[in-house]
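So this block is query02.txt, compact mmCIF, N, CA and C atoms:
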# COMPACT_ATOMS: atom_id res chain seq x y z
N MET F 1 50.35 84.83 54.75
CA MET F 1 51.71 84.89 54.31
C MET F 1 52.61 85.15 55.52
N LYS F 2 53.73 84.46 55.58
CA LYS F 2 54.68 84.62 56.66
C LYS F 2 56.02 85.06 56.10
N LYS F 3 56.79 85.74 56.97
CA LYS F 3 58.14 86.14 56.60
C LYS F 3 59.02 86.08 57.83
N GLU F 4 60.11 85.34 57.72
CA GLU F 4 61.06 85.25 58.83
C GLU F 4 62.01 86.44 58.78
N LEU F 5 62.35 86.93 59.97
CA LEU F 5 63.27 88.06 60.11
C LEU F 5 64.46 87.63 60.95
N PRO F 6 65.58 88.35 60.84
CA PRO F 6 66.74 88.02 61.68
C PRO F 6 66.39 88.11 63.16
N GLY F 7 67.10 87.34 63.96
CA GLY F 7 66.90 87.38 65.41
C GLY F 7 65.75 86.54 65.90
N GLY F 8 65.19 85.71 65.01
CA GLY F 8 64.09 84.84 65.41
C GLY F 8 62.71 85.47 65.35
N TYR F 9 62.61 86.63 64.75
CA TYR F 9 61.31 87.30 64.61
C TYR F 9 60.59 86.80 63.37
N GLU F 10 59.29 87.00 63.36
CA GLU F 10 58.47 86.57 62.24
C GLU F 10 57.31 87.53 62.05
N LEU F 11 56.99 87.80 60.79
CA LEU F 11 55.79 88.55 60.43
C LEU F 11 54.78 87.56 59.88
N ASP F 12 53.52 87.76 60.20
CA ASP F 12 52.47 86.83 59.76
C ASP F 12 51.16 87.60 59.62
N ASP F 13 50.47 87.39 58.51
CA ASP F 13 49.19 88.08 58.31
C ASP F 13 47.97 87.18 58.49
N GLN F 14 48.14 86.10 59.24
CA GLN F 14 46.99 85.26 59.57
C GLN F 14 46.21 85.93 60.71
N ALA F 15 45.01 86.38 60.40
CA ALA F 15 44.20 87.12 61.38
C ALA F 15 43.93 86.29 62.64
N LYS F 16 43.76 85.00 62.48
CA LYS F 16 43.44 84.16 63.65
C LYS F 16 44.59 84.08 64.65
N ARG F 17 45.78 84.43 64.21
CA ARG F 17 46.95 84.36 65.09
C ARG F 17 47.11 85.63 65.95
N ILE F 18 46.44 86.70 65.59
CA ILE F 18 46.57 87.97 66.32
C ILE F 18 46.18 87.79 67.78
N ASP F 19 47.03 88.26 68.67
CA ASP F 19 46.74 88.25 70.10
C ASP F 19 45.94 89.51 70.40
N ARG F 20 44.63 89.39 70.34
CA ARG F 20 43.75 90.54 70.47
C ARG F 20 43.91 91.26 71.81
N ALA F 21 44.16 90.51 72.86
CA ALA F 21 44.35 91.13 74.17
C ALA F 21 45.61 91.98 74.18
N ALA F 22 46.69 91.48 73.57
CA ALA F 22 47.94 92.23 73.51
C ALA F 22 47.79 93.49 72.67
N VAL F 23 47.12 93.36 71.52
CA VAL F 23 46.90 94.53 70.67
C VAL F 23 46.06 95.56 71.41
N HIS F 24 44.98 95.14 72.01
CA HIS F 24 44.14 96.08 72.75
C HIS F 24 44.90 96.75 73.88
N ARG F 25 45.65 95.98 74.60
CA ARG F 25 46.41 96.53 75.73
C ARG F 25 47.35 97.65 75.25
N PHE F 26 48.09 97.40 74.19
CA PHE F 26 49.00 98.43 73.70
C PHE F 26 48.23 99.64 73.18
N ILE F 27 47.26 99.41 72.33
CA ILE F 27 46.52 100.52 71.71
C ILE F 27 45.82 101.36 72.78
N ALA F 28 45.13 100.72 73.70
CA ALA F 28 44.33 101.46 74.69
C ALA F 28 45.17 102.08 75.80
N GLU F 29 46.32 101.50 76.11
CA GLU F 29 47.09 101.96 77.26
C GLU F 29 48.39 102.70 76.91
N GLU F 30 48.99 102.38 75.75
CA GLU F 30 50.31 102.95 75.45
C GLU F 30 50.34 103.84 74.22
N SER F 31 49.40 103.68 73.30
CA SER F 31 49.43 104.50 72.09
C SER F 31 48.99 105.92 72.42
N TYR F 32 49.47 106.88 71.63
CA TYR F 32 49.01 108.25 71.79
C TYR F 32 47.75 108.51 70.97
N TRP F 33 47.46 107.65 70.01
CA TRP F 33 46.37 107.92 69.08
C TRP F 33 45.04 107.29 69.48
N ALA F 34 45.02 106.37 70.42
CA ALA F 34 43.75 105.71 70.75
C ALA F 34 43.66 105.33 72.22
N GLN F 35 44.18 106.19 73.08
CA GLN F 35 44.10 105.95 74.53
C GLN F 35 42.64 105.66 74.92
N GLY F 36 42.45 104.61 75.66
CA GLY F 36 41.12 104.28 76.16
C GLY F 36 40.20 103.60 75.18
N ARG F 37 40.68 103.22 74.01
CA ARG F 37 39.82 102.55 73.03
C ARG F 37 39.25 101.28 73.67
N PRO F 38 37.94 101.12 73.67
CA PRO F 38 37.33 99.92 74.27
C PRO F 38 37.73 98.64 73.54
N ARG F 39 37.79 97.56 74.26
CA ARG F 39 38.15 96.26 73.69
C ARG F 39 37.18 95.85 72.59
N GLU F 40 35.91 96.09 72.79
CA GLU F 40 34.92 95.70 71.77
C GLU F 40 35.18 96.45 70.46
N ARG F 41 35.55 97.70 70.57
CA ARG F 41 35.85 98.50 69.37
C ARG F 41 37.09 97.94 68.68
N MET F 42 38.13 97.63 69.46
CA MET F 42 39.35 97.09 68.87
C MET F 42 39.08 95.76 68.19
N ASP F 43 38.30 94.89 68.83
CA ASP F 43 37.95 93.61 68.22
C ASP F 43 37.21 93.82 66.90
N GLY F 44 36.29 94.77 66.87
CA GLY F 44 35.56 95.07 65.64
C GLY F 44 36.48 95.58 64.54
N LEU F 45 37.44 96.42 64.89
CA LEU F 45 38.39 96.93 63.90
C LEU F 45 39.26 95.81 63.34
N ILE F 46 39.67 94.90 64.21
CA ILE F 46 40.44 93.74 63.75
C ILE F 46 39.58 92.88 62.82
N ASP F 47 38.34 92.63 63.22
CA ASP F 47 37.44 91.80 62.41
C ASP F 47 37.19 92.39 61.03
N ARG F 48 37.06 93.71 60.95
CA ARG F 48 36.74 94.37 59.68
C ARG F 48 37.97 94.76 58.87
N ALA F 49 39.15 94.59 59.41
CA ALA F 49 40.38 94.96 58.69
C ALA F 49 40.53 94.11 57.44
N SER F 50 41.10 94.70 56.44
CA SER F 50 41.39 93.97 55.21
C SER F 50 42.60 93.08 55.37
N ARG F 51 43.49 93.51 56.27
CA ARG F 51 44.68 92.71 56.57
C ARG F 51 45.20 93.10 57.95
N ASN F 52 45.50 92.12 58.76
CA ASN F 52 46.13 92.31 60.06
C ASN F 52 47.49 91.63 59.99
N VAL F 53 48.53 92.35 60.41
CA VAL F 53 49.87 91.77 60.42
C VAL F 53 50.39 91.78 61.84
N GLY F 54 50.82 90.62 62.29
CA GLY F 54 51.44 90.51 63.60
C GLY F 54 52.94 90.34 63.46
N LEU F 55 53.66 90.94 64.40
CA LEU F 55 55.10 90.75 64.53
C LEU F 55 55.32 89.90 65.76
N TYR F 56 56.02 88.77 65.61
CA TYR F 56 56.17 87.80 66.68
C TYR F 56 57.65 87.55 66.99
N ALA F 57 57.95 87.45 68.27
CA ALA F 57 59.29 87.13 68.74
C ALA F 57 59.39 85.62 68.91
N LEU F 58 60.57 85.16 69.30
CA LEU F 58 60.76 83.73 69.58
C LEU F 58 59.69 83.25 70.55
N GLY F 59 59.16 82.09 70.32
CA GLY F 59 58.11 81.54 71.16
C GLY F 59 56.72 81.99 70.75
N GLY F 60 56.62 82.82 69.71
CA GLY F 60 55.32 83.22 69.20
C GLY F 60 54.65 84.35 69.93
N VAL F 61 55.38 85.04 70.82
CA VAL F 61 54.80 86.17 71.55
C VAL F 61 54.67 87.36 70.61
N GLN F 62 53.48 87.93 70.55
CA GLN F 62 53.26 89.07 69.66
C GLN F 62 53.89 90.33 70.26
N VAL F 63 54.72 91.01 69.44
CA VAL F 63 55.42 92.22 69.91
C VAL F 63 55.16 93.42 69.01
N GLY F 64 54.34 93.26 67.99
CA GLY F 64 54.02 94.36 67.10
C GLY F 64 52.78 94.04 66.28
N TYR F 65 52.29 95.06 65.58
CA TYR F 65 51.02 94.90 64.87
C TYR F 65 50.86 96.02 63.84
N SER F 66 50.12 95.74 62.78
CA SER F 66 49.62 96.76 61.86
C SER F 66 48.27 96.30 61.32
N ARG F 67 47.45 97.30 61.02
CA ARG F 67 46.10 97.02 60.50
C ARG F 67 45.92 97.79 59.20
N THR F 68 45.38 97.11 58.20
CA THR F 68 45.13 97.70 56.89
C THR F 68 43.63 97.77 56.64
N VAL F 69 43.18 98.93 56.18
CA VAL F 69 41.77 99.13 55.83
C VAL F 69 41.71 99.47 54.35
N ASP F 70 41.02 98.66 53.58
CA ASP F 70 40.87 98.87 52.15
C ASP F 70 39.64 99.73 51.89
N ALA F 71 39.89 100.91 51.38
CA ALA F 71 38.80 101.81 50.99
C ALA F 71 38.78 101.86 49.47
N SER F 72 38.53 100.71 48.86
CA SER F 72 38.67 100.59 47.41
C SER F 72 37.77 101.55 46.65
N ASP F 73 36.61 101.87 47.18
CA ASP F 73 35.73 102.82 46.50
C ASP F 73 36.36 104.21 46.44
N ALA F 74 37.25 104.50 47.39
CA ALA F 74 37.95 105.78 47.41
C ALA F 74 39.31 105.68 46.72
N GLY F 75 39.69 104.48 46.31
CA GLY F 75 40.94 104.28 45.60
C GLY F 75 42.18 104.32 46.46
N LEU F 76 42.03 103.97 47.74
CA LEU F 76 43.20 104.01 48.62
C LEU F 76 43.11 102.96 49.71
N VAL F 77 44.22 102.81 50.42
CA VAL F 77 44.32 101.87 51.53
C VAL F 77 44.86 102.67 52.72
N TYR F 78 44.31 102.42 53.90
CA TYR F 78 44.69 103.15 55.10
C TYR F 78 45.50 102.24 56.02
N LEU F 79 46.65 102.74 56.45
CA LEU F 79 47.52 102.02 57.38
C LEU F 79 47.26 102.54 58.79
N ALA F 80 46.95 101.63 59.71
CA ALA F 80 46.54 102.06 61.05
C ALA F 80 47.15 101.18 62.13
N ASP F 81 47.19 101.73 63.34
CA ASP F 81 47.54 100.99 64.56
C ASP F 81 48.88 100.26 64.47
N VAL F 82 49.87 100.91 63.88
CA VAL F 82 51.20 100.31 63.74
C VAL F 82 51.98 100.53 65.03
N TYR F 83 52.54 99.45 65.57
CA TYR F 83 53.41 99.59 66.74
C TYR F 83 54.35 98.41 66.88
N VAL F 84 55.43 98.65 67.60
CA VAL F 84 56.36 97.62 68.10
C VAL F 84 56.55 97.97 69.57
N ILE F 85 56.41 97.00 70.45
CA ILE F 85 56.54 97.31 71.88
C ILE F 85 57.98 97.74 72.21
N ASP F 86 58.09 98.56 73.24
CA ASP F 86 59.37 99.19 73.59
C ASP F 86 60.54 98.22 73.67
N GLN F 87 60.37 97.09 74.29
CA GLN F 87 61.47 96.15 74.51
C GLN F 87 62.07 95.61 73.21
N HIS F 88 61.36 95.76 72.09
CA HIS F 88 61.82 95.21 70.81
C HIS F 88 62.14 96.30 69.78
N ARG F 89 62.12 97.55 70.20
CA ARG F 89 62.45 98.64 69.29
C ARG F 89 63.95 98.76 69.11
N GLY F 90 64.34 99.49 68.07
CA GLY F 90 65.76 99.73 67.81
C GLY F 90 66.44 98.62 67.04
N ARG F 91 65.68 97.71 66.47
CA ARG F 91 66.24 96.58 65.72
C ARG F 91 65.78 96.56 64.27
N GLY F 92 65.11 97.63 63.84
CA GLY F 92 64.61 97.68 62.47
C GLY F 92 63.31 96.93 62.27
N LEU F 93 62.68 96.50 63.35
CA LEU F 93 61.46 95.69 63.23
C LEU F 93 60.27 96.52 62.75
N GLY F 94 60.20 97.77 63.17
CA GLY F 94 59.12 98.64 62.68
C GLY F 94 59.23 98.84 61.18
N LEU F 95 60.43 99.02 60.70
CA LEU F 95 60.68 99.16 59.27
C LEU F 95 60.21 97.91 58.53
N GLU F 96 60.56 96.74 59.05
CA GLU F 96 60.17 95.48 58.41
C GLU F 96 58.65 95.26 58.48
N LEU F 97 58.05 95.65 59.59
CA LEU F 97 56.59 95.52 59.73
C LEU F 97 55.88 96.38 58.68
N VAL F 98 56.30 97.62 58.52
CA VAL F 98 55.68 98.50 57.53
C VAL F 98 55.98 98.00 56.12
N ARG F 99 57.21 97.60 55.86
CA ARG F 99 57.57 97.09 54.53
C ARG F 99 56.68 95.89 54.16
N PHE F 100 56.54 94.94 55.06
CA PHE F 100 55.72 93.75 54.82
C PHE F 100 54.26 94.14 54.58
N THR F 101 53.77 95.09 55.36
CA THR F 101 52.38 95.51 55.24
C THR F 101 52.11 96.25 53.94
N VAL F 102 52.99 97.16 53.59
CA VAL F 102 52.76 98.05 52.44
C VAL F 102 53.26 97.46 51.12
N ASP F 103 54.42 96.85 51.13
CA ASP F 103 55.04 96.41 49.88
C ASP F 103 54.69 95.00 49.44
N GLU F 104 54.12 94.19 50.32
CA GLU F 104 53.74 92.83 49.94
C GLU F 104 52.27 92.81 49.51
N ARG F 105 51.92 91.87 48.70
CA ARG F 105 50.54 91.71 48.25
C ARG F 105 49.62 91.51 49.44
N PRO F 106 48.39 91.87 49.41
CA PRO F 106 47.61 92.15 48.21
C PRO F 106 47.47 93.64 47.85
N PHE F 107 48.06 94.55 48.61
CA PHE F 107 47.81 95.97 48.39
C PHE F 107 49.04 96.74 47.93
N ALA F 108 50.06 96.07 47.46
CA ALA F 108 51.33 96.71 47.11
C ALA F 108 51.19 97.77 46.02
N ASP F 109 50.24 97.61 45.13
CA ASP F 109 50.11 98.54 44.01
C ASP F 109 49.08 99.64 44.26
N ARG F 110 48.64 99.78 45.48
CA ARG F 110 47.59 100.76 45.81
C ARG F 110 48.18 102.04 46.37
N ARG F 111 47.37 103.05 46.45
CA ARG F 111 47.73 104.32 47.08
C ARG F 111 47.44 104.20 48.58
N TRP F 112 48.42 104.51 49.40
CA TRP F 112 48.32 104.36 50.85
C TRP F 112 48.25 105.72 51.52
N VAL F 113 47.51 105.79 52.63
CA VAL F 113 47.49 106.97 53.49
C VAL F 113 47.60 106.51 54.94
N LEU F 114 48.07 107.43 55.79
CA LEU F 114 48.15 107.16 57.22
C LEU F 114 48.22 108.49 57.95
N HIS F 115 48.07 108.42 59.24
CA HIS F 115 48.25 109.56 60.12
C HIS F 115 49.29 109.19 61.16
N THR F 116 50.24 110.08 61.40
CA THR F 116 51.23 109.86 62.45
C THR F 116 51.67 111.20 63.01
N ALA F 117 52.00 111.20 64.28
CA ALA F 117 52.51 112.41 64.91
C ALA F 117 54.00 112.33 65.16
N ASP F 118 54.58 111.11 65.06
CA ASP F 118 55.97 110.98 65.49
C ASP F 118 56.84 110.06 64.65
N ALA F 119 56.35 109.48 63.59
CA ALA F 119 57.15 108.49 62.86
C ALA F 119 57.33 108.87 61.39
N HIS F 120 57.41 110.15 61.12
CA HIS F 120 57.52 110.60 59.74
C HIS F 120 58.73 110.01 59.01
N ALA F 121 59.88 109.97 59.68
CA ALA F 121 61.10 109.46 59.05
C ALA F 121 60.94 107.99 58.62
N LEU F 122 60.26 107.20 59.42
CA LEU F 122 60.02 105.80 59.06
C LEU F 122 59.18 105.71 57.80
N TYR F 123 58.06 106.42 57.78
CA TYR F 123 57.13 106.30 56.66
C TYR F 123 57.65 106.94 55.38
N GLU F 124 58.51 107.94 55.49
CA GLU F 124 59.10 108.55 54.30
C GLU F 124 59.92 107.53 53.51
N LYS F 125 60.46 106.52 54.17
CA LYS F 125 61.23 105.48 53.49
C LYS F 125 60.37 104.68 52.53
N PHE F 126 59.06 104.76 52.69
CA PHE F 126 58.14 104.03 51.82
C PHE F 126 57.38 104.96 50.89
N GLY F 127 57.83 106.20 50.80
CA GLY F 127 57.22 107.15 49.89
C GLY F 127 56.08 107.95 50.47
N PHE F 128 55.78 107.78 51.75
CA PHE F 128 54.73 108.59 52.37
C PHE F 128 55.24 110.01 52.51
N ALA F 129 54.40 110.98 52.16
CA ALA F 129 54.75 112.39 52.30
C ALA F 129 53.44 113.16 52.46
N PRO F 130 53.52 114.37 52.98
CA PRO F 130 52.29 115.17 53.11
C PRO F 130 51.64 115.35 51.74
N GLY F 131 50.33 115.17 51.70
CA GLY F 131 49.59 115.37 50.47
C GLY F 131 49.12 116.81 50.36
N GLU F 132 48.98 117.26 49.15
CA GLU F 132 48.58 118.65 48.99
C GLU F 132 47.10 118.88 49.20
N ARG F 133 46.30 117.84 49.21
CA ARG F 133 44.87 118.01 49.37
C ARG F 133 44.26 117.23 50.52
N LEU F 134 45.06 116.51 51.27
CA LEU F 134 44.55 115.72 52.37
C LEU F 134 44.15 116.62 53.52
N LEU F 135 42.90 116.54 53.92
CA LEU F 135 42.38 117.33 55.03
C LEU F 135 41.97 116.41 56.14
N GLU F 136 42.01 116.93 57.35
CA GLU F 136 41.62 116.13 58.51
C GLU F 136 40.73 116.95 59.40

What is this file in structure tokens?
Amino acid sequence: MKKELPGGYELDDQAKRIDRAAVHRFIAEESYWAQGRPRERMDGLIDRASRNVGLYALGGVQVGYSRTVDASDAGLVYLADVYVIDQHRGRGLGLELVRFTVDERPFADRRWVLHTADAHALYEKFGFAPGERLLE
């Protein structure tokens, strides 16, 4: 499924379109949650994801990403590895990336969980809030 955004951006959940090198580079080098994650591990996570969403700028360059893990036996879906690169922040693209990932099918009617240290205000817009029984 694809969705066009203002400014020439596009969201797309075709896994084959994901720029694995770009995703790995950001996750391993710039994220606070997975510094040093090996490329083989990132490739495996992409392969096993229930849904991968790429955010693309004009020309098809990938500038953002989100990964969805379906834990249907546990009755929930996990949102992971969400980012928009610095040069493209401040335009509401992170909001659109999360909206497309969480609110569009196939997992729109499921219970979602995630971990974040710095983006609480963004995720609260989608109903994410601290759970009373979630332990880590």

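The residue set within 10 Å of stretch 8-10 of chain F, counting only C-alpha atoms and dropping same-chain residues fewer than 5 places from it, reads Lys2, Lys3, Gly54, Leu55, Tyr56, Ala57, Leu58, Gly59, Gly60, Val61, Gln62, Val63, Leu93, Glu96 and Leu97 of chain F.
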
Apply DSSP to the structure's backbone, then extract all residues of chain F labelled strand (DSSP E or B) and return them as a ChimeraX atom specification. /F:2-5,9-12,51-56,62-71,76-84,112-113

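Among F:Arg51, F:Trp112, F:Pro106, F:Asp86, the residue with the shortest atom-to-atom distance to F:Gln14, counting only N, CA and C atoms, is F:Arg51.
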
Which residues, written as number ranges by chain, have at least one atom at most 12 Å from F:Gly92, with only C-alpha atoms counted and residues fewer than 3 positions away on the same chain left out? F: 5-7, 9, 55, 84, 88-89, 95-99, 122

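We find atom CA of F:Thr68 and atom CA of F:Gly90 to be spaced 23.4 Å apart.
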
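Note that atom C of F:Arg20 and atom N of F:Ala34 are 15.2 Å apart.
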
According to DSSP computed on the backbone, where in stretch 69-124 of chain F is there helix (DSSP H, G or I)? Give the residues as a PyMOL selection string. chain F and resi 72-74+86-88+93-103+120-124

One number please: atom CA of F:Ile18 to atom CA of F:Ala71, in Å, one decimal. 22.1 Å

Show me that you can extract stretch 36-98 of chain F, keeping C-alpha atoms, and write it as a PDB file, in the first residue's frame.
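See part_27.pdb below for the written result:
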ATOM      1  CA  GLY F  36      26.048  -0.984  16.920  1.00  0.00           C
ATOM      2  CA  ARG F  37      23.313  -3.373  15.777  1.00  0.00           C
ATOM      3  CA  PRO F  38      24.969  -5.694  13.241  1.00  0.00           C
ATOM      4  CA  ARG F  39      23.768  -5.568   9.635  1.00  0.00           C
ATOM      5  CA  GLU F  40      22.908  -9.274   9.659  1.00  0.00           C
ATOM      6  CA  ARG F  41      20.651  -8.745  12.671  1.00  0.00           C
ATOM      7  CA  MET F  42      18.929  -5.762  11.038  1.00  0.00           C
ATOM      8  CA  ASP F  43      18.381  -7.733   7.834  1.00  0.00           C
ATOM      9  CA  GLY F  44      16.847 -10.577   9.854  1.00  0.00           C
ATOM     10  CA  LEU F  45      14.525  -8.175  11.685  1.00  0.00           C
ATOM     11  CA  ILE F  46      13.395  -6.694   8.380  1.00  0.00           C
ATOM     12  CA  ASP F  47      12.853 -10.185   6.928  1.00  0.00           C
ATOM     13  CA  ARG F  48      10.780 -11.326   9.918  1.00  0.00           C
ATOM     14  CA  ALA F  49       8.772  -8.106  10.313  1.00  0.00           C
ATOM     15  CA  SER F  50       5.063  -8.316   9.748  1.00  0.00           C
ATOM     16  CA  ARG F  51       5.186  -4.955   8.009  1.00  0.00           C
ATOM     17  CA  ASN F  52       7.978  -2.600   6.982  1.00  0.00           C
ATOM     18  CA  VAL F  53       7.087   0.974   6.063  1.00  0.00           C
ATOM     19  CA  GLY F  54       9.468   3.242   4.225  1.00  0.00           C
ATOM     20  CA  LEU F  55       9.225   7.007   3.993  1.00  0.00           C
ATOM     21  CA  TYR F  56      10.599   8.283   0.679  1.00  0.00           C
ATOM     22  CA  ALA F  57      11.493  11.760  -0.559  1.00  0.00           C
ATOM     23  CA  LEU F  58      11.459  12.957  -4.157  1.00  0.00           C
ATOM     24  CA  GLY F  59      13.544  10.635  -6.303  1.00  0.00           C
ATOM     25  CA  GLY F  60      12.741   7.625  -4.120  1.00  0.00           C
ATOM     26  CA  VAL F  61      15.450   8.219  -1.501  1.00  0.00           C
ATOM     27  CA  GLN F  62      14.462   6.586   1.767  1.00  0.00           C
ATOM     28  CA  VAL F  63      14.361   9.107   4.639  1.00  0.00           C
ATOM     29  CA  GLY F  64      12.382   7.219   7.277  1.00  0.00           C
ATOM     30  CA  TYR F  65      11.277   3.793   8.409  1.00  0.00           C
ATOM     31  CA  SER F  66       9.079   1.814  10.793  1.00  0.00           C
ATOM     32  CA  ARG F  67       8.921  -1.887  11.570  1.00  0.00           C
ATOM     33  CA  THR F  68       5.890  -3.788  12.839  1.00  0.00           C
ATOM     34  CA  VAL F  69       6.096  -7.094  14.712  1.00  0.00           C
ATOM     35  CA  ASP F  70       2.871  -9.077  15.062  1.00  0.00           C
ATOM     36  CA  ALA F  71       2.750 -11.001  18.313  1.00  0.00           C
ATOM     37  CA  SER F  72      -0.728 -12.351  17.636  1.00  0.00           C
ATOM     38  CA  ASP F  73      -0.421 -15.102  20.233  1.00  0.00           C
ATOM     39  CA  ALA F  74       0.068 -12.348  22.820  1.00  0.00           C
ATOM     40  CA  GLY F  75      -2.738 -10.255  21.334  1.00  0.00           C
ATOM     41  CA  LEU F  76      -0.619  -7.260  20.423  1.00  0.00           C
ATOM     42  CA  VAL F  77       1.539  -5.604  17.798  1.00  0.00           C
ATOM     43  CA  TYR F  78       4.931  -4.030  18.509  1.00  0.00           C
ATOM     44  CA  LEU F  79       6.075  -0.820  16.811  1.00  0.00           C
ATOM     45  CA  ALA F  80       9.847  -0.645  16.415  1.00  0.00           C
ATOM     46  CA  ASP F  81      12.729   1.207  14.769  1.00  0.00           C
ATOM     47  CA  VAL F  82      10.747   4.332  13.884  1.00  0.00           C
ATOM     48  CA  TYR F  83      12.803   7.219  12.541  1.00  0.00           C
ATOM     49  CA  VAL F  84      12.953  10.156  10.139  1.00  0.00           C
ATOM     50  CA  ILE F  85      16.429  11.414   9.276  1.00  0.00           C
ATOM     51  CA  ASP F  86      17.369  14.846  10.621  1.00  0.00           C
ATOM     52  CA  GLN F  87      17.240  16.707   7.305  1.00  0.00           C
ATOM     53  CA  HIS F  88      13.544  15.815   6.879  1.00  0.00           C
ATOM     54  CA  ARG F  89      12.280  16.407  10.419  1.00  0.00           C
ATOM     55  CA  GLY F  90       9.976  19.235  11.410  1.00  0.00           C
ATOM     56  CA  ARG F  91       7.508  18.657   8.559  1.00  0.00           C
ATOM     57  CA  GLY F  92       5.071  16.290  10.264  1.00  0.00           C
ATOM     58  CA  LEU F  93       6.556  13.279   8.480  1.00  0.00           C
ATOM     59  CA  GLY F  94       7.089  11.294  11.676  1.00  0.00           C
ATOM     60  CA  LEU F  95       3.439  11.814  12.533  1.00  0.00           C
ATOM     61  CA  GLU F  96       2.386  10.594   9.079  1.00  0.00           C
ATOM     62  CA  LEU F  97       4.750   7.614   9.255  1.00  0.00           C
ATOM     63  CA  VAL F  98       3.290   6.480  12.582  1.00  0.00           C
TER      64      VAL F  98
END
